[in-house]
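J.: Below you'll find coords-v6.cif; it's mmCIF, C-alpha atoms.
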```
data_work
loop_
_atom_site.group_PDB
_atom_site.id
_atom_site.type_symbol
_atom_site.label_atom_id
_atom_site.label_comp_id
_atom_site.auth_asym_id
_atom_site.auth_seq_id
_atom_site.Cartn_x
_atom_site.Cartn_y
_atom_site.Cartn_z
ATOM 1 C CA MET A 1 134.277 49.021 -102.414
ATOM 2 C CA PRO A 2 133.806 46.382 -99.695
ATOM 3 C CA SER A 3 130.386 44.951 -99.115
ATOM 4 C CA THR A 4 128.115 46.254 -96.378
ATOM 5 C CA GLY A 5 126.267 42.963 -96.109
ATOM 6 C CA ALA A 6 124.336 43.468 -99.335
ATOM 7 C CA LYS A 7 124.284 40.886 -102.093
ATOM 8 C CA ALA A 8 127.148 41.255 -104.570
ATOM 9 C CA PRO A 9 126.247 42.775 -107.938
ATOM 10 C CA PRO A 10 125.910 40.572 -111.009
ATOM 11 C CA LEU A 11 129.182 40.326 -112.913
ATOM 12 C CA LEU A 12 130.245 40.183 -116.546
ATOM 13 C CA VAL A 13 133.665 38.537 -116.735
ATOM 14 C CA ASP A 14 135.814 39.123 -119.809
ATOM 15 C CA ALA A 15 137.840 36.698 -121.924
ATOM 16 C CA MET A 16 140.997 36.915 -119.816
ATOM 17 C CA LEU A 17 139.306 35.522 -116.711
ATOM 18 C CA GLY A 18 137.428 32.306 -117.585
ATOM 19 C CA ALA A 19 138.843 30.292 -114.683
ATOM 20 C CA LEU A 20 137.977 33.146 -112.322
ATOM 21 C CA ALA A 21 134.369 33.120 -113.564
ATOM 22 C CA ARG A 22 134.042 29.399 -112.733
ATOM 23 C CA ARG A 23 135.492 29.894 -109.230
ATOM 24 C CA LEU A 24 133.231 32.867 -108.573
ATOM 25 C CA ARG A 25 130.246 30.717 -109.523
ATOM 26 C CA TRP A 26 131.328 28.130 -106.939
ATOM 27 C CA LEU A 27 131.213 30.947 -104.419
ATOM 28 C CA GLY A 28 127.694 31.938 -105.494
ATOM 29 C CA TYR A 29 128.463 35.018 -107.591
ATOM 30 C CA ASP A 30 126.291 35.633 -110.642
ATOM 31 C CA ALA A 31 129.243 35.672 -113.068
ATOM 32 C CA GLU A 32 128.405 35.666 -116.773
ATOM 33 C CA TYR A 33 131.483 34.951 -118.888
ATOM 34 C CA ARG A 34 132.000 36.113 -122.460
ATOM 35 C CA ASN A 35 135.114 35.404 -124.491
ATOM 36 C CA ASP A 36 133.711 36.146 -127.913
ATOM 37 C CA LEU A 37 133.014 39.883 -127.940
ATOM 38 C CA PRO A 38 134.980 43.073 -128.537
ATOM 39 C CA ASP A 39 135.296 45.614 -125.721
ATOM 40 C CA GLU A 40 132.502 47.870 -127.008
ATOM 41 C CA GLU A 41 129.999 45.023 -126.965
ATOM 42 C CA MET A 42 131.118 43.928 -123.496
ATOM 43 C CA MET A 43 130.587 47.481 -122.275
ATOM 44 C CA ALA A 44 127.138 47.654 -123.871
ATOM 45 C CA ILE A 45 126.068 44.354 -122.298
ATOM 46 C CA ALA A 46 127.361 45.446 -118.885
ATOM 47 C CA ARG A 47 125.422 48.730 -119.120
ATOM 48 C CA GLU A 48 122.213 47.151 -120.469
ATOM 49 C CA THR A 49 122.136 44.354 -117.898
ATOM 50 C CA GLY A 50 123.465 46.301 -114.901
ATOM 51 C CA ARG A 51 126.477 44.010 -114.554
ATOM 52 C CA LEU A 52 129.848 45.002 -113.164
ATOM 53 C CA LEU A 53 132.517 44.296 -115.787
ATOM 54 C CA VAL A 54 135.407 42.273 -114.330
ATOM 55 C CA THR A 55 138.565 42.491 -116.406
ATOM 56 C CA ARG A 56 142.359 42.265 -116.494
ATOM 57 C CA ASP A 57 142.389 44.933 -119.208
ATOM 58 C CA ARG A 58 143.384 48.114 -117.396
ATOM 59 C CA ALA A 59 142.385 50.360 -120.319
ATOM 60 C CA LEU A 60 138.934 48.759 -120.537
ATOM 61 C CA ALA A 61 138.393 49.133 -116.796
ATOM 62 C CA ARG A 62 139.173 52.859 -117.042
ATOM 63 C CA ARG A 63 136.790 53.593 -119.897
ATOM 64 C CA ARG A 64 133.909 55.909 -119.228
ATOM 65 C CA GLY A 65 130.361 54.688 -119.355
ATOM 66 C CA VAL A 66 130.826 51.330 -117.672
ATOM 67 C CA ARG A 67 131.241 50.155 -114.088
ATOM 68 C CA ALA A 68 134.303 47.931 -113.957
ATOM 69 C CA LEU A 69 136.533 46.089 -111.544
ATOM 70 C CA TYR A 70 140.133 45.770 -112.664
ATOM 71 C CA VAL A 71 141.835 42.571 -111.442
ATOM 72 C CA ALA A 72 145.615 42.999 -111.464
ATOM 73 C CA ALA A 73 146.513 39.551 -110.138
ATOM 74 C CA THR A 74 147.612 36.795 -112.507
ATOM 75 C CA VAL A 75 147.312 33.889 -110.034
ATOM 76 C CA LEU A 76 143.779 32.473 -109.803
ATOM 77 C CA GLU A 77 143.571 32.387 -106.004
ATOM 78 C CA GLU A 78 144.759 36.000 -105.837
ATOM 79 C CA GLN A 79 142.153 36.974 -108.434
ATOM 80 C CA VAL A 80 139.407 35.371 -106.374
ATOM 81 C CA ALA A 81 140.661 37.115 -103.244
ATOM 82 C CA ALA A 82 140.710 40.467 -105.061
ATOM 83 C CA VAL A 83 137.073 40.118 -106.140
ATOM 84 C CA VAL A 84 135.886 38.917 -102.725
ATOM 85 C CA ASP A 85 137.808 41.742 -101.025
ATOM 86 C CA ALA A 86 136.276 44.305 -103.388
ATOM 87 C CA LEU A 87 132.696 43.023 -103.350
ATOM 88 C CA GLY A 88 132.316 41.011 -100.165
ATOM 89 C CA PRO A 89 130.700 37.573 -100.037
ATOM 90 C CA SER A 90 128.237 36.695 -102.785
ATOM 91 C CA GLY A 91 125.329 36.196 -100.423
ATOM 92 C CA ALA A 92 124.111 33.256 -102.512
ATOM 93 C CA ARG A 93 124.587 29.531 -103.099
ATOM 94 C CA SER A 94 126.814 28.083 -105.793
ATOM 95 C CA ARG A 95 125.798 28.448 -109.422
ATOM 96 C CA CYS A 96 126.315 26.214 -112.442
ATOM 97 C CA THR A 97 130.015 26.318 -113.272
ATOM 98 C CA VAL A 98 129.247 25.772 -116.972
ATOM 99 C CA CYS A 99 126.490 28.279 -117.798
ATOM 100 C CA ASN A 100 126.057 30.365 -114.607
ATOM 101 C CA GLY A 101 122.459 29.226 -114.116
ATOM 102 C CA GLU A 102 120.863 28.954 -110.696
ATOM 103 C CA LEU A 103 120.890 25.524 -109.060
ATOM 104 C CA GLU A 104 117.813 23.811 -107.680
ATOM 105 C CA ARG A 105 117.885 20.919 -105.246
ATOM 106 C CA LEU A 106 116.804 17.467 -106.432
ATOM 107 C CA THR A 107 115.715 14.550 -104.306
ATOM 108 C CA PRO A 108 117.611 11.287 -104.799
ATOM 109 C CA ALA A 109 114.532 9.882 -106.571
ATOM 110 C CA GLN A 110 114.438 12.837 -108.989
ATOM 111 C CA ALA A 111 118.162 12.551 -109.667
ATOM 112 C CA ALA A 112 118.331 8.760 -110.098
ATOM 113 C CA PRO A 113 117.394 8.666 -113.798
ATOM 114 C CA LEU A 114 119.722 11.591 -114.540
ATOM 115 C CA VAL A 115 122.974 10.291 -113.062
ATOM 116 C CA PRO A 116 125.093 7.146 -113.425
ATOM 117 C CA PRO A 117 123.744 4.170 -111.412
ATOM 118 C CA TYR A 118 126.707 4.134 -109.017
ATOM 119 C CA VAL A 119 126.189 7.820 -108.224
ATOM 120 C CA ALA A 120 122.467 7.252 -107.662
ATOM 121 C CA ARG A 121 123.298 4.441 -105.188
ATOM 122 C CA THR A 122 126.037 6.250 -103.281
ATOM 123 C CA GLN A 123 124.986 9.912 -103.144
ATOM 124 C CA THR A 124 122.117 11.630 -101.356
ATOM 125 C CA GLU A 125 122.550 15.308 -102.307
ATOM 126 C CA PHE A 126 121.889 16.570 -105.815
ATOM 127 C CA ALA A 127 121.325 19.867 -107.591
ATOM 128 C CA ARG A 128 120.385 20.689 -111.171
ATOM 129 C CA CYS A 129 120.993 23.817 -113.176
ATOM 130 C CA ARG A 130 117.740 25.513 -114.092
ATOM 131 C CA ARG A 131 119.264 26.781 -117.348
ATOM 132 C CA CYS A 132 121.331 23.944 -118.889
ATOM 133 C CA ARG A 133 119.928 21.094 -116.747
ATOM 134 C CA ARG A 134 123.390 19.814 -115.727
ATOM 135 C CA VAL A 135 123.202 17.718 -112.534
ATOM 136 C CA TYR A 136 125.683 18.164 -109.681
ATOM 137 C CA TRP A 137 126.495 16.005 -106.667
ATOM 138 C CA PRO A 138 129.359 15.971 -104.128
ATOM 139 C CA GLY A 139 131.817 13.714 -105.977
ATOM 140 C CA THR A 140 135.380 12.758 -105.128
ATOM 141 C CA HIS A 141 136.554 16.353 -105.647
ATOM 142 C CA TRP A 142 134.104 17.639 -103.020
ATOM 143 C CA PRO A 143 136.353 17.494 -99.900
ATOM 144 C CA GLY A 144 139.045 19.537 -101.668
ATOM 145 C CA LEU A 145 136.491 22.037 -102.932
ATOM 146 C CA GLN A 146 134.934 22.397 -99.475
ATOM 147 C CA LYS A 147 138.363 23.061 -97.985
ATOM 148 C CA TRP A 148 139.087 25.657 -100.686
ATOM 149 C CA LEU A 149 135.688 27.345 -100.087
ATOM 150 C CA GLU A 150 136.281 27.497 -96.312
ATOM 151 C CA ILE A 151 139.419 29.583 -96.733
ATOM 152 C CA LYS A 152 137.647 32.074 -99.019
#
```
Turn the structure described in the file into structure tokens.
T.:
Amino acid sequence: MPSTGAKAPPLLVDAMLGALARRLRWLGYDAEYRNDLPDEEMMAIARETGRLLVTRDRALARRRGVRALYVAATVLEEQVAAVVDALGPSGARSRCTVCNGELERLTPAQAAPLVPPYVARTQTEFARCRRCRRVYWPGTHWPGLQKWLEIK
């Protein structure tokens, strides 16, 4: 079901795919992750919230009453590719990799009291999660992440 330019649906990612959920958030997908619920509860949440259930559990993906995307791949990069191929680009900016909240931009002055002094002196771009309030900036891992995002 490739995208036709529309925004990707919100996702509910099951316990087998935690690393995938974090990567999908980097790519801007709304990817809630739950690793603490039985299948029936996951299905109920997906139905009630209109989320597409993303799973490596073939039997769960085939169950009636829930929209699901089965991910056969076991390698993270292949899992990401499978989701992007199935849904198309997210159509959104990155999300909080911890809680899936939306990010809001912060000015350097707003971020200064929230980050280590060295970071406040050396960085100019900041974002904060609206849900958990975690602050992000392009740290030393940023060039590698940018390269990874470009090939996706």
J.: Please return as a ChimeraX atom specification every residue within 12 Å of (144.9, 31.2, -114.1), taking into account only C-alpha atoms and the file's own coordinates.
T.: /A:15-23,56,73-80
J.: Selection in question (the file shown): the PyMOL selection byres ((chain A and resi 96-111) around 6). Which residues does it include, as a ChimeraX atom specification?
T.: /A:22,25,95,112-114,124,126-131
J.: Using only C-alpha atoms for the distances, tell me which of A:Arg93, A:Lys7, A:Arg121, A:Arg134 is nearest to Gly28 in chain A.
T.: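 Closest residue, counting only C-alpha atoms: A:Arg93.
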J.: As a check of understanding, name the residues that the PyMOL selection byres ((chain A and resi 38-48) around 8) selects in the supplied structure, as a ChimeraX atom specification.
T.: /A:12,14,34,36-37,49-53,60,65-67
J.: Grab the CA of Trp137 in chain A to CA of Leu27 in chain A distance for me, in Å with one decimal place.
T.: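 According to the coordinates, CA of Trp137 in chain A and CA of Leu27 in chain A are separated by 15.8 Å.
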J.: To one decimal place, how far is CA of Ala59 in chain A from CA of Val13 in chain A in Å?
T.: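 Rounded to one decimal, the two atoms are 15.1 Å apart.
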J.: In Å, rounded to a single decimal, give me how far CA of Pro138 in chain A is from CA of Pro89 in chain A.
T.: 22.0 Å
J.: Can you give me, as a PyMOL selection string, the residues this file yields under the PyMOL selection byres ((chain A and resi 8) around 6)?
T.: chain A and resi 7+9+87+90
